[in-house]
file target-v4.pdb (PDB, C-alpha atoms)
MODEL        1
ATOM      1  CA  MET A1376     -15.209  32.036  -4.669
ATOM      2  CA  LYS A1377     -11.511  32.620  -5.339
ATOM      3  CA  LYS A1378      -8.541  30.320  -5.017
ATOM      4  CA  ILE A1379      -6.004  31.205  -2.340
ATOM      5  CA  VAL A1380      -2.493  31.493  -3.750
ATOM      6  CA  ASN A1381       0.008  29.173  -2.083
ATOM      7  CA  PRO A1382       2.901  31.515  -1.151
ATOM      8  CA  TRP A1383       5.406  28.616  -0.885
ATOM      9  CA  ARG A1384       4.645  26.909  -4.188
ATOM     10  CA  GLY A1385       7.886  26.329  -6.051
ATOM     11  CA  MET A1386      10.079  27.276  -3.080
ATOM     12  CA  GLU A1387      13.161  25.088  -2.676
ATOM     13  CA  GLY A1388      12.802  22.782   0.334
ATOM     14  CA  TYR A1389       8.999  23.121   0.518
ATOM     15  CA  HIS A1390       7.496  19.662   1.094
ATOM     16  CA  CYS A1391       4.392  20.208   3.239
ATOM     17  CA  PHE A1392       2.452  16.963   3.718
ATOM     18  CA  GLY A1393      -0.820  18.915   3.665
ATOM     19  CA  CYS A1394      -0.531  21.465   0.877
ATOM     20  CA  ASP A1395       2.467  20.776  -1.368
ATOM     21  CA  PRO A1396       0.766  20.249  -4.744
ATOM     22  CA  HIS A1397       3.681  18.070  -5.929
ATOM     23  CA  SER A1398       3.933  15.748  -2.926
ATOM     24  CA  GLU A1399       3.490  12.168  -4.133
ATOM     25  CA  ARG A1400       2.452  10.901  -0.713
ATOM     26  CA  GLY A1401       0.892  14.082   0.654
ATOM     27  CA  LEU A1402      -2.658  15.367   0.818
ATOM     28  CA  ARG A1403      -2.158  18.013  -1.926
ATOM     29  CA  MET A1404      -4.887  20.261  -0.513
ATOM     30  CA  GLU A1405      -5.965  23.464  -2.299
ATOM     31  CA  PHE A1406      -7.887  26.236  -0.609
ATOM     32  CA  TYR A1407     -10.507  28.783  -1.578
ATOM     33  CA  GLU A1408     -12.040  31.787   0.104
ATOM     34  CA  ASP A1409     -15.817  31.826   0.421
ATOM     35  CA  GLY A1410     -16.850  34.897   2.391
ATOM     36  CA  GLU A1411     -15.365  34.551   5.873
ATOM     37  CA  GLN A1412     -14.613  30.865   5.382
ATOM     38  CA  VAL A1413     -11.688  28.990   3.917
ATOM     39  CA  VAL A1414     -12.891  25.916   2.045
ATOM     40  CA  CYS A1415     -11.349  22.856   0.450
ATOM     41  CA  ARG A1416     -12.837  20.125  -1.695
ATOM     42  CA  TRP A1417     -10.564  17.128  -1.193
ATOM     43  CA  HIS A1418     -10.519  13.754  -2.919
ATOM     44  CA  PRO A1419      -9.925  10.843  -0.490
ATOM     45  CA  ARG A1420      -7.485   8.229  -1.707
ATOM     46  CA  PRO A1421      -7.335   4.567  -0.658
ATOM     47  CA  GLU A1422      -3.840   4.908   0.789
ATOM     48  CA  PHE A1423      -5.306   7.095   3.545
ATOM     49  CA  GLN A1424      -7.702   4.506   4.916
ATOM     50  CA  GLY A1425      -7.605   3.240   8.480
ATOM     51  CA  TRP A1426     -10.103   0.471   7.845
ATOM     52  CA  VAL A1427     -11.463  -0.860   4.566
ATOM     53  CA  ASP A1428     -12.829   2.104   2.565
ATOM     54  CA  THR A1429     -12.768   4.314   5.688
ATOM     55  CA  LEU A1430     -10.654   7.469   5.969
ATOM     56  CA  HIS A1431      -8.184   7.232   8.855
ATOM     57  CA  GLY A1432      -9.059   9.469  11.818
ATOM     58  CA  GLY A1433      -5.520  10.816  11.956
ATOM     59  CA  ILE A1434      -5.792  11.938   8.335
ATOM     60  CA  GLN A1435      -9.076  13.671   9.170
ATOM     61  CA  ALA A1436      -7.327  15.476  12.046
ATOM     62  CA  THR A1437      -4.486  16.446   9.694
ATOM     63  CA  LEU A1438      -6.973  17.821   7.151
ATOM     64  CA  ALA A1439      -8.607  19.903   9.907
ATOM     65  CA  ASP A1440      -5.249  21.168  11.161
ATOM     66  CA  GLU A1441      -4.080  22.096   7.661
ATOM     67  CA  ILE A1442      -7.194  24.060   6.710
ATOM     68  CA  SER A1443      -6.977  25.860  10.060
ATOM     69  CA  SER A1444      -3.454  26.995   9.244
ATOM     70  CA  TRP A1445      -4.724  28.384   5.938
ATOM     71  CA  VAL A1446      -7.347  30.393   7.833
ATOM     72  CA  VAL A1447      -4.422  31.912   9.759
ATOM     73  CA  PHE A1448      -2.415  32.570   6.579
ATOM     74  CA  ARG A1449      -5.318  34.205   4.781
ATOM     75  CA  ARG A1450      -7.145  36.070   7.558
ATOM     76  CA  PHE A1451      -4.145  37.252   9.552
ATOM     77  CA  GLN A1452      -1.438  37.296   6.851
ATOM     78  CA  THR A1453       1.012  35.521   9.124
ATOM     79  CA  SER A1454       1.816  32.003  10.231
ATOM     80  CA  GLY A1455       1.557  30.225  13.545
ATOM     81  CA  VAL A1456       1.432  26.859  15.233
ATOM     82  CA  THR A1457      -1.301  24.630  16.563
ATOM     83  CA  SER A1458      -1.542  25.016  20.313
ATOM     84  CA  ARG A1459      -4.486  22.690  20.894
ATOM     85  CA  MET A1460      -6.912  20.714  18.781
ATOM     86  CA  GLU A1461     -10.098  18.833  19.612
ATOM     87  CA  VAL A1462     -11.718  16.517  17.077
ATOM     88  CA  ARG A1463     -15.189  14.967  17.176
ATOM     89  CA  TYR A1464     -15.914  12.119  14.789
ATOM     90  CA  HIS A1465     -19.631  11.819  14.049
ATOM     91  CA  LYS A1466     -19.696   9.322  11.194
ATOM     92  CA  PRO A1467     -17.193   7.560   8.936
ATOM     93  CA  ILE A1468     -15.831   9.175   5.808
ATOM     94  CA  HIS A1469     -15.456   6.734   2.940
ATOM     95  CA  THR A1470     -12.347   6.694   0.780
ATOM     96  CA  THR A1471     -14.607   5.598  -2.068
ATOM     97  CA  ASP A1472     -16.428   8.971  -2.022
ATOM     98  CA  GLU A1473     -15.595  11.256  -4.928
ATOM     99  CA  TYR A1474     -14.809  14.142  -2.557
ATOM    100  CA  ILE A1475     -15.293  15.605   0.902
ATOM    101  CA  ASP A1476     -15.829  19.261   1.760
ATOM    102  CA  LEU A1477     -13.950  21.112   4.479
ATOM    103  CA  ARG A1478     -14.950  24.525   5.825
ATOM    104  CA  ALA A1479     -13.112  26.542   8.448
ATOM    105  CA  GLU A1480     -13.565  29.947  10.019
ATOM    106  CA  VAL A1481     -12.417  32.076  12.926
ATOM    107  CA  VAL A1482     -14.596  31.709  16.012
ATOM    108  CA  SER A1483     -12.716  34.010  18.374
ATOM    109  CA  GLN A1484      -9.425  35.774  18.969
ATOM    110  CA  ARG A1485      -7.679  36.815  22.160
ATOM    111  CA  ARG A1486      -4.401  38.593  21.478
ATOM    112  CA  ASN A1487      -2.239  36.082  19.612
ATOM    113  CA  LEU A1488      -4.543  33.062  20.133
ATOM    114  CA  VAL A1489      -7.151  32.295  17.485
ATOM    115  CA  GLU A1490      -9.880  29.658  17.764
ATOM    116  CA  ILE A1491     -10.891  28.114  14.454
ATOM    117  CA  ALA A1492     -13.895  25.853  13.810
ATOM    118  CA  VAL A1493     -13.663  23.175  11.117
ATOM    119  CA  ARG A1494     -16.462  21.084   9.612
ATOM    120  CA  ILE A1495     -15.847  18.121   7.326
ATOM    121  CA  SER A1496     -18.785  16.830   5.298
ATOM    122  CA  ASP A1497     -19.061  13.882   2.942
ATOM    123  CA  CYS A1498     -20.079  14.193  -0.715
ATOM    124  CA  HIS A1499     -23.749  13.975   0.331
ATOM    125  CA  GLY A1500     -23.398  17.044   2.565
ATOM    126  CA  GLU A1501     -23.619  15.071   5.822
ATOM    127  CA  LEU A1502     -21.453  16.325   8.684
ATOM    128  CA  CYS A1503     -18.854  13.670   9.508
ATOM    129  CA  THR A1504     -16.204  15.410  11.581
ATOM    130  CA  GLU A1505     -15.856  18.644  13.543
ATOM    131  CA  ALA A1506     -12.691  20.123  14.966
ATOM    132  CA  THR A1507     -11.725  23.137  16.999
ATOM    133  CA  CYS A1508      -8.153  24.330  16.603
ATOM    134  CA  LEU A1509      -6.439  26.878  18.806
ATOM    135  CA  TYR A1510      -3.619  28.577  16.917
ATOM    136  CA  PHE A1511      -0.805  30.675  18.309
ATOM    137  CA  LEU A1512      -0.046  33.483  15.836
ATOM    138  CA  PHE A1513       3.512  34.561  15.146
ATOM    139  CA  PRO A1514       4.337  38.236  14.732
ATOM    140  CA  LYS A1515       4.477  38.984  11.001
ATOM    141  CA  GLU A1516       8.217  39.755  11.148
ATOM    142  CA  ARG A1517       8.948  36.307  12.629
ATOM    143  CA  ALA A1518       6.688  34.598  10.058
ATOM    144  CA  GLN A1519       8.624  36.322   7.269
ATOM    145  CA  ARG A1520      12.064  35.686   8.735
ATOM    146  CA  GLU A1521      11.687  32.073   9.930
ATOM    147  CA  PHE A1522       8.924  30.651   7.730
ATOM    148  CA  HIS A1523       9.375  32.620   4.496
ATOM    149  CA  PHE A1524       5.806  33.894   4.733
ATOM    150  CA  CYS A1525       5.286  36.761   2.312
ATOM    151  CA  ASP A1526       1.622  37.125   1.349
ATOM    152  CA  CYS A1527      -1.394  34.882   1.110
ATOM    153  CA  GLY A1528      -3.467  36.501  -1.599
ATOM    154  CA  LEU A1529      -6.178  35.422  -3.983
ATOM    155  CA  GLU A1530      -6.080  34.610  -7.674
ATOM    156  CA  GLU A1531      -7.407  37.480  -9.763
ATOM    157  CA  THR A1532     -10.358  35.639 -11.300
ATOM    158  CA  ASP A1533     -13.166  33.620  -9.780
ATOM    159  CA  SER A1534     -12.502  29.903  -9.686
ATOM    160  CA  CYS A1535     -14.192  27.512 -12.030
ATOM    161  CA  VAL A1536     -14.478  25.011  -9.173
ATOM    162  CA  GLU A1537     -17.957  23.733  -8.442
ATOM    163  CA  THR A1538     -19.653  25.636  -5.654
ATOM    164  CA  LEU A1539     -18.928  23.951  -2.358
ATOM    165  CA  ALA A1540     -22.069  23.337  -0.332
TER     166      ALA A1540
ENDMDL
END
call {"tool": "encode", "arguments": {"input": "target-v4.pdb", "output": "structure tokens"}}
result
Amino acid sequence: MKKIVNPWRGMEGYHCFGCDPHSERGLRMEFYEDGEQVVCRWHPRPEFQGWVDTLHGGIQATLADEISSWVVFRRFQTSGVTSRMEVRYHKPIHTTDEYIDLRAEVVSQRRNLVEIAVRISDCHGELCTEATCLYFLFPKERAQREFHFCDCGLEETDSCVETLA
């Protein structure tokens, strides 16, 4: 498994709530490629709870949306926007858990619309949340011009991160 390089890291004006590694209040997500999937091991924090020790549903939806965008960046080497998203909450995610695992992959593509499936599991491997995101892909020229997208590559060496189940 290899870490996906964040193409915006260090760019002036970059303050993404989902993936800016320096955002004090943000999610600070990092992504890895595992075969056809993009994965993220994320550490819930108490400030993201909706109820006592329970991860807010809106944060779960944001996590699903963010990992879906990274599927677009990595698989299609462009950017896009969420056109539609459906979330199913199966069981609570606890903010006291050490981590949660997110996995996302392309389900289908029709022209510039890509359907992405996301699964969020707790630290015990139990499925907690599923989402389906429909993304509208921008032409690569527009992604470069308007969103400073250049390349979403991989680090040269395998990650030392624990294998995500």
call {"tool": "atom_distance", "arguments": {"input": "target-v4.pdb", "atom1": "CA of Gly1410 (chain A)", "atom2": "CA of Tyr1389 (chain A)"}}
result
28.5 Å
call {"tool": "closest_residue", "arguments": {"input": "target-v4.pdb", "among": "A:Asp1472, A:Asp1440, A:Glu1422, A:Glu1530", "to": "Ser1458 (chain A)", "atoms": "only C-alpha atoms"}}
result
A:Asp1440
call {"tool": "residues_around", "arguments": {"input": "target-v4.pdb", "residues": "Gln1435 (chain A)", "least_positions_apart": "6", "cutoff": "10 Å", "atoms": "all atoms listed in the file", "output": "PyMOL selection string"}}
result
chain A and resi 1423+1441+1462+1464+1468+1495+1503-1506
call {"tool": "residues_around", "arguments": {"input": "target-v4.pdb", "residues": "Glu1490 (chain A)", "least_positions_apart": "5", "cutoff": "9 Å", "atoms": "only C-alpha atoms", "output": "number ranges by chain"}}
result
A: 1480-1485, 1507-1510
call {"tool": "closest_residue", "arguments": {"input": "target-v4.pdb", "among": "A:Leu1430, A:Pro1382, A:Glu1531, A:His1418", "to": "Asp1395 (chain A)", "atoms": "all atoms listed in the file"}}
result
A:Pro1382
call {"tool": "closest_residue", "arguments": {"input": "target-v4.pdb", "among": "A:Gly1425, A:Thr1453, A:Ile1475, A:Ile1442", "to": "Cys1394 (chain A)", "atoms": "only C-alpha atoms"}}
result
A:Ile1442
call {"tool": "atom_distance", "arguments": {"input": "target-v4.pdb", "atom1": "CA of Gln1452 (chain A)", "atom2": "CA of Arg1400 (chain A)"}}
result
27.7 Å
call {"tool": "closest_residue", "arguments": {"input": "target-v4.pdb", "among": "A:Val1446, A:Val1427, A:Val1413, A:Met1376", "to": "Pro1467 (chain A)", "atoms": "only C-alpha atoms"}}
result
A:Val1427
call {"tool": "resolve_selection", "arguments": {"input": "target-v4.pdb", "expression": "the PyMOL selection byres ((chain A and resi 1455) around 10)", "output": "MDAnalysis selection string"}}
result
chainID A and resid 1444 1447:1448 1451 1453:1454 1456:1458 1487:1489 1510:1515 1517:1518 1522
call {"tool": "write_last_selection", "arguments": {"input": "target-v4.pdb", "atoms": "C-alpha atoms", "output": "PDB file, in the frame of the given file"}}
result
ATOM      1  CA  SER A1444      -3.454  26.995   9.244  1.00  0.00           C
ATOM      2  CA  VAL A1447      -4.422  31.912   9.759  1.00  0.00           C
ATOM      3  CA  PHE A1448      -2.415  32.570   6.579  1.00  0.00           C
ATOM      4  CA  PHE A1451      -4.145  37.252   9.552  1.00  0.00           C
ATOM      5  CA  THR A1453       1.012  35.521   9.124  1.00  0.00           C
ATOM      6  CA  SER A1454       1.816  32.003  10.231  1.00  0.00           C
ATOM      7  CA  VAL A1456       1.432  26.859  15.233  1.00  0.00           C
ATOM      8  CA  THR A1457      -1.301  24.630  16.563  1.00  0.00           C
ATOM      9  CA  SER A1458      -1.542  25.016  20.313  1.00  0.00           C
ATOM     10  CA  ASN A1487      -2.239  36.082  19.612  1.00  0.00           C
ATOM     11  CA  LEU A1488      -4.543  33.062  20.133  1.00  0.00           C
ATOM     12  CA  VAL A1489      -7.151  32.295  17.485  1.00  0.00           C
ATOM     13  CA  TYR A1510      -3.619  28.577  16.917  1.00  0.00           C
ATOM     14  CA  PHE A1511      -0.805  30.675  18.309  1.00  0.00           C
ATOM     15  CA  LEU A1512      -0.046  33.483  15.836  1.00  0.00           C
ATOM     16  CA  PHE A1513       3.512  34.561  15.146  1.00  0.00           C
ATOM     17  CA  PRO A1514       4.337  38.236  14.732  1.00  0.00           C
ATOM     18  CA  LYS A1515       4.477  38.984  11.001  1.00  0.00           C
ATOM     19  CA  ARG A1517       8.948  36.307  12.629  1.00  0.00           C
ATOM     20  CA  ALA A1518       6.688  34.598  10.058  1.00  0.00           C
ATOM     21  CA  PHE A1522       8.924  30.651   7.730  1.00  0.00           C
TER      22      PHE A1522
END
call {"tool": "closest_residue", "arguments": {"input": "target-v4.pdb", "among": "A:Glu1399, A:Asp1476, A:Glu1516, A:Asp1497", "to": "Arg1416 (chain A)", "atoms": "all atoms listed in the file"}}
result
A:Asp1476
call {"tool": "atom_distance", "arguments": {"input": "target-v4.pdb", "atom1": "CA of Tyr1474 (chain A)", "atom2": "CA of Ala1439 (chain A)"}}
result
15.1 Å
call {"tool": "resolve_selection", "arguments": {"input": "target-v4.pdb", "expression": "the PyMOL selection byres ((chain A and resi 1379) around 6)", "output": "ChimeraX atom specification"}}
result
/A:1378,1380,1406-1407,1528-1529
call {"tool": "closest_residue", "arguments": {"input": "target-v4.pdb", "among": "A:Thr1437, A:Thr1471, A:Ser1443, A:Thr1429", "to": "Ala1492 (chain A)", "atoms": "all atoms listed in the file"}}
result
A:Ser1443
call {"tool": "residues_around", "arguments": {"input": "target-v4.pdb", "residues": "Arg1403 (chain A)", "least_positions_apart": "5", "cutoff": "8 Å", "atoms": "all atoms listed in the file", "output": "count of residues only"}}
result
7
call {"tool": "axis_aligned_box", "arguments": {"input": "target-v4.pdb", "around": "region 1405-1410 of chain A", "padding_each_side": "3 Å", "output": "AutoDock Vina command-line options"}}
result
--center_x -11.4 --center_y 29.2 --center_z 0.0 --size_x 16.9 --size_y 17.4 --size_z 10.7
